[in-house]
Structures are given as structure tokens and as C-alpha cells.
Amino acid sequence: MQMEPYLFFDGCCEEALAFYARSLEGEVLTMQRYGGSPLEEQLPADWHAKIMHATLEAPGGHRLMACDRMPGQPSGGHGGFAISIHCPSDAEHGERIFRSLSEGGTVTMPFTVTFWGAHFGTLVDRFGVGWMINCEGGHGSPRDA
């Protein structure tokens, strides 16, 4: 069994995945648009270029799937979640990911050394997605520490 987060956006999926690919050093593997699909007739013309389904792969084979939900479609879930990234030992790499994902977003807990000894921080990115970055021990020292 494999579990993969599926993110729903309101028309900014392509922009969000480009941002995540840069921030996570990943690659968008698939990007299917509504235009040319069987759903095309159900949507306004300005929605045809929006993303019906996409997959992003980050190093280590970790994947996110995403789409632009059709106008009027429910969100597909509630907001009670965050995507957690675990960096086994490299706090500097974790800090780089944290700073990149926080561009234009809101830092909810600065990336710093915690009472459990890890480098950790939380944020909500500019697309409204929550992230938790945790780096156990290792080298590097966040500038915020």
C-alpha cells in the first residue's frame, strides 16, 4: 500500500506545482488538462487550460498529486492536515526547503532547534497548504536558532 496526498486548488494548480517542484527539488511527472478530456464540455472555455490531474515527484520517490477542482466542486476534504517532510540528518537542507516553501506564505513556527532535539518548523504556504519540516540531529544550524 502507498499513500499519497492529493491537493485540490481553485485554478492555481499549475503555479502551485511549479512552486513545489522548485522548493522540493522535484519534478512534475504528469499534467493533464481539462481541455481535450471528456469533462471539457461541462466547463467554461477559460477553464479548459486548468489542471484535471497532475503528479509531482520529489527525491526519494515521494509524490504529491493535485488538480484544479471543477467550479462548484467541494474541496475534497477539510483543512485539518499538513504535509510533513522528514530530513533524516541535514538541517541546512531542511532549512532551505522551509524557507522556500514559506515564500509568500505564513510561518506558524520558525524553523529552529526544538526541545526534542530536532530542527523543526511549520508554515502555511501561499496556496494555503500546511507544511511541517523536521530534521533529526545531523549537521547544520538554522539561522533562526
# chains A, B, ... in the order shown; residues from 1 in each chain; ligands from 1
call {"tool": "residues_around", "arguments": {"residues": "Ile51 of chain A", "least_positions_apart": "3", "cutoff": "12 Å", "atoms": "only C-alpha atoms", "output": "ChimeraX atom specification"}}
result
/A:7-17,30-37,39-40,46-48,54-55,65-70
call {"tool": "residues_around", "arguments": {"residues": "Leu64 of chain A", "least_positions_apart": "3", "cutoff": "10 Å", "atoms": "only C-alpha atoms", "output": "list in words"}}
result
Met3, Glu4, Pro5, Tyr6, Leu7, Leu17, Tyr20, Val28, Ala54, Thr55, Leu56, Glu57, Ala58 and Ile83 of chain A
call {"tool": "closest_residue", "arguments": {"among": "A:Ser84, A:Glu92, A:Asp125, A:Lys50", "to": "Thr112 of chain A", "atoms": "only C-alpha atoms"}}
result
A:Glu92
call {"tool": "atom_distance", "arguments": {"atom1": "atom CA of Arg126 of chain A", "atom2": "atom CA of Phe98 of chain A"}}
result
12.8 Å
call {"tool": "select_by_dssp", "arguments": {"residues": "chain A", "states": "alpha helix (DSSP H)", "output": "PyMOL selection string"}}
result
chain A and resi 13-24+91-102
call {"tool": "write_last_selection", "arguments": {"atoms": "C-alpha atoms", "output": "compact mmCIF listing (two decimals), in the first residue's frame"}}
result
# COMPACT_ATOMS: atom_id res chain seq x y z
CA CYS A 13 -2.64 24.09 -9.57
CA GLU A 14 -0.04 24.58 -12.31
CA GLU A 15 1.51 27.53 -10.46
CA ALA A 16 1.47 25.61 -7.15
CA LEU A 17 3.16 22.53 -8.63
CA ALA A 18 5.87 24.64 -10.27
CA PHE A 19 6.47 26.24 -6.86
CA TYR A 20 6.59 22.84 -5.11
CA ALA A 21 8.89 21.36 -7.77
CA ARG A 22 11.34 24.21 -7.17
CA SER A 23 11.01 24.16 -3.39
CA LEU A 24 11.24 20.37 -3.03
CA ALA A 91 19.27 20.62 8.94
CA GLU A 92 20.64 23.04 6.33
CA HIS A 93 18.71 21.20 3.60
CA GLY A 94 15.60 21.25 5.77
CA GLU A 95 16.02 24.97 6.37
CA ARG A 96 16.35 25.60 2.63
CA ILE A 97 13.10 23.70 1.97
CA PHE A 98 11.39 25.57 4.83
CA ARG A 99 12.47 29.00 3.58
CA SER A 100 11.48 28.17 0.01
CA LEU A 101 8.01 26.87 0.92
CA SER A 102 7.39 29.86 3.19
call {"tool": "residues_around", "arguments": {"residues": "Phe120 of chain A", "least_positions_apart": "6", "cutoff": "7 Å", "atoms": "only C-alpha atoms", "output": "list in words"}}
result
Phe111, Thr112, Val113, Thr114, Ile133, Asn134 and Cys135 of chain A
